[in-house]
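Just below is one structure, and these are the notes that go with it.
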Amino acid sequence: MQALYAQLLVGLINGSFYALLSLGLAVIFGMLNIINFAHGALYMMGAFVAYFLLSLGGINYWWALLIAPVIVGIFGMILERTMLQWLTGLDHLYGLLLTFGIALIVQGVFQNYFGSSGLPYAIPDQLKGGMNLGFMFLPIYRGWVVVFSLVVCLATWFLIEKTQLGAYLRAATENPTLVRAFGINVPRMITLTYGLGVGLAALAGVLSAPINQVRPLMGADLIIVVFAVVVIGGMGSIMGSIITGFALGVIEGLTKYFYPEASNTVVFVLMVLVLLVKPTGLTGRAA
Amino acid sequence: MKQRFSALLLGVALGFVASGASAQDKTVKIGVLTDNSGLYSDLGGAGSTLAAQMAVEDSGLAAKGWKIDVISADHQNKPDIATTIARQWADVEKVDIFMDVLNSGVALAVNNVVKEKNSILIDTGAATSDLTNAQCSPNTIHWVYDTFMLANSTGQALVKAGGDSWFFLTADYAFGAALERDTTAVVQKAGGKVLGSVKHPLNSSDFSSFLLQAQASKAKIVGLANAGGDTTNSIKQAAEFGIVAGGQKLAGLLLFITDVHSLGLNVAQGLNFTETFYWDLNDGTRAFSKRFSERMKNKAMPSMVQAGVYSGLIHYFKALEAMGGNPHDGAKAVEKMKSMPTDDPLFGQGSIRVDGRKIHPAYLFEVKKPSESKGPWDYYKLVGTVPADQAFRPLSESACPLVKK
């Protein structure tokens with residue numbers, strides 16, 4: 001029973017990464033109608049930027065949490081301005097192919113220069129060590145990841161669903177022409193939204209750098225699962241993606257305990273079931 | 001006109017046939033089949049291809065009229081892709097010898113194709129000891145290391161040092177299964193117990209669930225029967241979960257220098273494991289490694305897999321010279337290689353057994369503390385050597401049909 005609690009908690013930790021990443025995807029899909037396959041590569045870039053900030057500039061983890069998402073976000077906005085914006089109004093497939101291509105190129109470039117085994121990134125001193133919870137040893141850093149990503153997820157949800165800015169954004173996706181007529185710069189808002197989604201991916205990358213090796217393929221390994229999470233939660237649903245992210249982390253954690261061999265397929269089995277029963281996802285809207 | 005032209009073509013064609021039959025055929029094609037893009041690409045990959053090219057250059061065979069080409073392909077760690085490439089290489093590209101072929105699942109699949117096509121496999125990357133045991137072949141030589149050797153050397157050393165109860169974290173494919181099986185045998189033979197194991201999917205990023213199970217088992221040794229990124233992530237996360245601080249010891253059963261480099265000494269220090277090559281062993285290894293590293297994009301030192309590609313080809317070239325030409329009968333060339341003692345600067349003197357097992361000493365290393373390391377890539381302390389004749393599975397225990405009993 002104790003082991004079960006531990007697995008639940010560990011599942012929640014993985015769920016935080018799923019939630020942060022699928023949230024970014026949901027924001028981008030909801031506002032831009034683009035299936036952002038480059039998300040994994042951008043997550044990886046976040047981790048690499050943190051690594052370079054530390055190794056070249058001596059800039060610590062805390063600043064990296066702030067700076068890396070901004071840098072990668074700017075990179076994302078450049079992508080949006082130069083490439084993605086021309087796909088507005090076209091079939092989803094174009095956006096998917098373009099972003100997939102971008103992901104392959106970015107990963108290829110990083111792999112060419114840094115190899116596949118990855119680079120070390122240490123846990124910041126303030127978060128080293130762990131606590132004995134009685135049923136498990138919880139590394140402080142892992143606890144921090146859960147709390148921090150929960151806060152970020154809820155803040156993003158609040159920003160989009162409850163603020164004036166979010167209202168503009170949602171209006172702009174419903175009817176861009178009308179929103180423009182009110183004097184709001186819609187293209188700029190869309191660029192900023194893409195930057196926000198990408199920034200979330202980069203933030204997840206920084207968070208994961210001390211846990212996993214900083215590797216060019218770290219995003220590619222994760223992104224397929226995250227897509228399944230988004231499909232299960234419902235494309236474009238903000239709260240749906242947060243909740244499914246955490247929930248699937250927990251389910252995966254339990255699978256790792258009861259039948260570890262299936263731990264990397266359980267998410268896809270669920271995805272198939274959800275698609276059969278409710279094709280728009282658990283909380284999704286009809287396309 | 002048309003008739004004369006076809007006559008001419010026929011003449012040319014006959015001329016080719018004739019010339020092929022009379023003169024000694026001295027063309028050889030080397031195929032480096034490896035992981036060029038995935039989690040094992042640092043320990044094989046482009047470095048293996050470079051090692052093959054260096055072997056060709058150093059052999060001096062070009063000056064003696066040989067024409068040697070090196071080609072390379074990415075098998076993506078998928079046995080089906082690997083066998084497709086292997087068949088194409090054998091049938092269309094006329095590849096004579098397959099090098100590297102890391103990943104045990106891939107190696108066992110390619111082993112069959114190579115035998116069927118009568119070419120040669122010098123496997124320097126795969127770990128499974130089945131390649132020279134039940135699955136042995138007259139066309140295959142297993143060059144660098146295998147799961148039996150790793151288990152025998154690291155496993156025995158750790159049990160002797162008091163690690164008599166084990167729990168395994170095992171990569172869920174042919175390699176992990178073989179390594180767990182061979183290590184279990186060694187541990188039990190030495191009087192230790194195996195308390196349990198958990199199989200994780202290849203290329204996992206999160207090991208916390210598995211590590212918690214290892215922690216709960218209370219085993220003294222947590223044996224990592226995995227490789228590459230799986231091993232580095234396990235080690236890194238084990239530190240996080242306080243496995244080592246809690247009194248359990250990690251045994252990286254298969255670690256490469258590229259893994260240690262990527263972990264950094266802070267995390268990797270104190271780990272014990274076995275390799276058969278280290279760049280800083282002696283003058284010969286240092287000279288080769290320096291030249292190698294200068295030509296690598298990221299200036300990496302060679303892994304034992306890459307060093308094995310060089311060493312294996314040097315021996316192959318010696319056999320070619322001894323044969324004088326017509327190298328395309330794979331089994332015959334392997335026969336020749338087995339009949340000659342091996343000697344090169346990287347692995348020293350050795351031999352190839354009848355089952356295809358290349359024999360050389362194995363070294364038990366410990367990773368240095370950051371304060372002991374003089375600079376990048378200065379990572380290992382030698383703590384023990386297993387002599388060549390004791391490092392690998394004895395022929396008397398072999399299930400290989402080539403071994404006559």
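To be explicit about the labels: the chains of the structure tokens are called A, B, and onward in the order shown, and within each one the residues are counted from 1, while ligands get numbers from 1 in the order they are shown.
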
Could you list, as a PDB file with N, CA and C atoms, in the first residue's frame, every residue of chain A that has an atom within 7 Å of an atom of chain B, counting only C-alpha atoms?
```pdb
ATOM      1  N   GLN A   7       3.887   5.562  -5.823  1.00  0.00           N
ATOM      2  CA  GLN A   7       3.708   5.576  -7.271  1.00  0.00           C
ATOM      3  C   GLN A   7       2.728   6.659  -7.695  1.00  0.00           C
ATOM      4  N   VAL A  10       4.712   9.881  -7.677  1.00  0.00           N
ATOM      5  CA  VAL A  10       5.632   9.919  -8.805  1.00  0.00           C
ATOM      6  C   VAL A  10       4.872  10.182 -10.097  1.00  0.00           C
ATOM      7  N   TYR A 113      25.825  18.762 -33.118  1.00  0.00           N
ATOM      8  CA  TYR A 113      26.836  19.459 -32.324  1.00  0.00           C
ATOM      9  C   TYR A 113      27.028  18.868 -30.935  1.00  0.00           C
ATOM     10  N   PHE A 114      25.986  18.273 -30.361  1.00  0.00           N
ATOM     11  CA  PHE A 114      26.115  17.867 -28.958  1.00  0.00           C
ATOM     12  C   PHE A 114      25.965  16.367 -28.744  1.00  0.00           C
ATOM     13  N   GLY A 115      25.799  15.599 -29.831  1.00  0.00           N
ATOM     14  CA  GLY A 115      25.698  14.147 -29.682  1.00  0.00           C
ATOM     15  C   GLY A 115      24.389  13.741 -29.043  1.00  0.00           C
ATOM     16  N   SER A 116      24.251  12.460 -28.775  1.00  0.00           N
ATOM     17  CA  SER A 116      22.961  11.971 -28.301  1.00  0.00           C
ATOM     18  C   SER A 116      22.923  11.706 -26.801  1.00  0.00           C
ATOM     19  N   SER A 117      24.089  11.553 -26.144  1.00  0.00           N
ATOM     20  CA  SER A 117      24.042  11.142 -24.731  1.00  0.00           C
ATOM     21  C   SER A 117      23.648  12.272 -23.806  1.00  0.00           C
ATOM     22  N   GLY A 118      23.839  13.486 -24.243  1.00  0.00           N
ATOM     23  CA  GLY A 118      23.356  14.591 -23.428  1.00  0.00           C
ATOM     24  C   GLY A 118      24.416  15.215 -22.554  1.00  0.00           C
ATOM     25  N   LEU A 119      24.001  16.256 -21.870  1.00  0.00           N
ATOM     26  CA  LEU A 119      24.894  17.070 -21.065  1.00  0.00           C
ATOM     27  C   LEU A 119      24.353  17.125 -19.649  1.00  0.00           C
ATOM     28  N   PRO A 120      25.260  17.254 -18.684  1.00  0.00           N
ATOM     29  CA  PRO A 120      24.792  17.248 -17.291  1.00  0.00           C
ATOM     30  C   PRO A 120      24.264  18.613 -16.842  1.00  0.00           C
ATOM     31  N   PHE A 137      10.642   8.382  -0.109  1.00  0.00           N
ATOM     32  CA  PHE A 137      11.617   9.450  -0.021  1.00  0.00           C
ATOM     33  C   PHE A 137      11.307  10.400  -1.164  1.00  0.00           C
ATOM     34  N   LEU A 138      10.851  11.601  -0.853  1.00  0.00           N
ATOM     35  CA  LEU A 138      10.493  12.541  -1.913  1.00  0.00           C
ATOM     36  C   LEU A 138      11.628  13.542  -2.109  1.00  0.00           C
ATOM     37  N   PRO A 139      12.270  13.501  -3.283  1.00  0.00           N
ATOM     38  CA  PRO A 139      13.282  14.515  -3.558  1.00  0.00           C
ATOM     39  C   PRO A 139      12.598  15.885  -3.579  1.00  0.00           C
ATOM     40  N   ILE A 211      16.503  16.765 -13.916  1.00  0.00           N
ATOM     41  CA  ILE A 211      16.045  15.387 -13.677  1.00  0.00           C
ATOM     42  C   ILE A 211      16.564  14.461 -14.763  1.00  0.00           C
ATOM     43  N   ASN A 212      16.370  14.881 -16.011  1.00  0.00           N
ATOM     44  CA  ASN A 212      16.833  14.068 -17.128  1.00  0.00           C
ATOM     45  C   ASN A 212      18.122  14.656 -17.656  1.00  0.00           C
ATOM     46  N   GLN A 213      18.821  13.888 -18.462  1.00  0.00           N
ATOM     47  CA  GLN A 213      19.950  14.447 -19.164  1.00  0.00           C
ATOM     48  C   GLN A 213      19.426  15.481 -20.159  1.00  0.00           C
ATOM     49  N   GLY A 253       1.989   6.069 -13.929  1.00  0.00           N
ATOM     50  CA  GLY A 253       2.743   5.675 -12.743  1.00  0.00           C
ATOM     51  C   GLY A 253       2.229   4.366 -12.160  1.00  0.00           C
ATOM     52  N   LYS A 256       3.336   1.504 -14.226  1.00  0.00           N
ATOM     53  CA  LYS A 256       4.732   1.164 -13.982  1.00  0.00           C
ATOM     54  C   LYS A 256       4.869   0.256 -12.770  1.00  0.00           C
ATOM     55  N   TYR A 257       3.905   0.336 -11.888  1.00  0.00           N
ATOM     56  CA  TYR A 257       3.964  -0.493 -10.695  1.00  0.00           C
ATOM     57  C   TYR A 257       3.361  -1.867 -10.950  1.00  0.00           C
ATOM     58  N   PRO A 260       4.930  -2.990 -15.561  1.00  0.00           N
ATOM     59  CA  PRO A 260       5.849  -2.003 -16.127  1.00  0.00           C
ATOM     60  C   PRO A 260       6.057  -2.122 -17.633  1.00  0.00           C
ATOM     61  N   GLU A 261       5.955  -3.330 -18.167  1.00  0.00           N
ATOM     62  CA  GLU A 261       6.215  -3.500 -19.600  1.00  0.00           C
ATOM     63  C   GLU A 261       5.256  -2.665 -20.440  1.00  0.00           C
ATOM     64  N   ASN A 264       4.728   2.352 -21.399  1.00  0.00           N
ATOM     65  CA  ASN A 264       4.751   3.372 -22.447  1.00  0.00           C
ATOM     66  C   ASN A 264       3.679   3.146 -23.508  1.00  0.00           C
TER      67      ASN A 264
END
```

Met296 of chain B surroundings by only C-alpha atoms, 8 Å radius, close-in-sequence under 4 positions cut, as a PyMOL selection string: chain B and resi 47+50+292+300

Can you tell me, as a PyMOL selection string, which residues in segment 18-210 of chain B count as strand (DSSP E or B) by DSSP? chain B and resi 27-34+67-74+97-100+120-123+140-142+165-171+193-200

Would you list the contacts of Ala126 of chain B as a ChimeraX atom specification, taking every protein, DNA or RNA residue within 10 Å and counting only C-alpha atoms, but skipping same-chain residues closer than 3 positions in sequence? /B:100-108,123,129,131,142-147,175,305

File dump, residues just selected, C-alpha atoms, as a short mmCIF file (atom, residue, chain, number, x, y, z; two decimals), in the first residue's frame:
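Saved file part07.cif follows:
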```cif
data_model
loop_
_atom_site.label_atom_id
_atom_site.label_comp_id
_atom_site.auth_asym_id
_atom_site.auth_seq_id
_atom_site.Cartn_x
_atom_site.Cartn_y
_atom_site.Cartn_z
CA ASP B 100 29.54 -2.18 -35.34
CA VAL B 101 25.89 -3.43 -35.44
CA LEU B 102 25.17 -2.31 -31.89
CA ASN B 103 21.88 -3.16 -30.15
CA SER B 104 21.45 -6.84 -29.31
CA GLY B 105 18.03 -7.17 -30.94
CA VAL B 106 19.41 -5.77 -34.17
CA ALA B 107 22.59 -7.84 -33.98
CA LEU B 108 20.76 -11.16 -33.61
CA ASP B 123 30.01 -7.13 -34.00
CA SER B 129 26.44 -13.30 -25.36
CA LEU B 131 25.97 -14.22 -30.57
CA HIS B 142 31.93 -10.87 -31.49
CA TRP B 143 34.74 -8.47 -30.85
CA VAL B 144 34.62 -6.20 -27.84
CA TYR B 145 32.53 -7.43 -24.91
CA ASP B 146 29.43 -9.41 -24.08
CA THR B 147 26.90 -9.82 -21.31
CA PHE B 175 20.05 -7.18 -24.40
CA VAL B 305 32.64 0.04 -29.52
#
```

If we count only C-alpha atoms and set the cut-off at 10 Å, which residues sit around segment 238-252 of chain A, ignoring sequence neighbours fewer than 6 positions away in its own chain? Please answer as a PyMOL selection string. (chain A and resi 7-27+30+146+149-150+153-154+156-158+160-161+225-226+228-232+258-260+262-267+270+281-284) or (chain B and resi 209)

List the spatial neighbours of Leu195 of chain B as a list in words - criterion: any atom at most 12 Å away, only C-alpha atoms, same-chain residues fewer than 2 positions off excluded. Asp164, Ser165, Trp166, Phe167, Phe168, Leu169, Thr184, Val187, Gln188, Gly192, Lys193, Ser197, Val198, Gln213, Ala214, Gln215, Ala216, Ser217, Lys218, Ala219, Lys220, Ile221, Val222 and Gly223 of chain B

Could those residues be written to a file, using C-alpha atoms, as a JSON list (two decimals), in the first residue's frame?
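Okay, this is what ended up in again39.json:
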```json
[["chain", "number", "residue", "atom", "x", "y", "z"],
["B", 164, "ASP", "CA", 25.18, -10.30, -1.99],
["B", 165, "SER", "CA", 21.57, -9.23, -2.67],
["B", 166, "TRP", "CA", 20.54, -7.74, -6.01],
["B", 167, "PHE", "CA", 17.60, -6.02, -7.67],
["B", 168, "PHE", "CA", 17.66, -5.40, -11.42],
["B", 169, "LEU", "CA", 16.42, -2.53, -13.53],
["B", 184, "THR", "CA", 21.91, -13.54, -12.06],
["B", 187, "VAL", "CA", 25.55, -13.65, -8.45],
["B", 188, "GLN", "CA", 23.91, -16.93, -7.48],
["B", 192, "GLY", "CA", 24.36, -14.05, -3.61],
["B", 193, "LYS", "CA", 20.59, -13.68, -3.97],
["B", 197, "SER", "CA", 13.71, -7.15, -11.11],
["B", 198, "VAL", "CA", 11.63, -4.68, -13.04],
["B", 213, "GLN", "CA", 10.63, -0.47, -6.44],
["B", 214, "ALA", "CA", 14.36, -1.08, -6.26],
["B", 215, "GLN", "CA", 14.51, 0.95, -3.07],
["B", 216, "ALA", "CA", 11.62, -0.97, -1.53],
["B", 217, "SER", "CA", 13.34, -4.29, -2.29],
["B", 218, "LYS", "CA", 16.12, -3.39, 0.20],
["B", 219, "ALA", "CA", 18.64, -5.12, -2.05],
["B", 220, "LYS", "CA", 22.24, -4.12, -1.42],
["B", 221, "ILE", "CA", 22.97, -3.74, -5.13],
["B", 222, "VAL", "CA", 20.72, -2.18, -7.74],
["B", 223, "GLY", "CA", 21.95, -3.68, -11.01]]
```
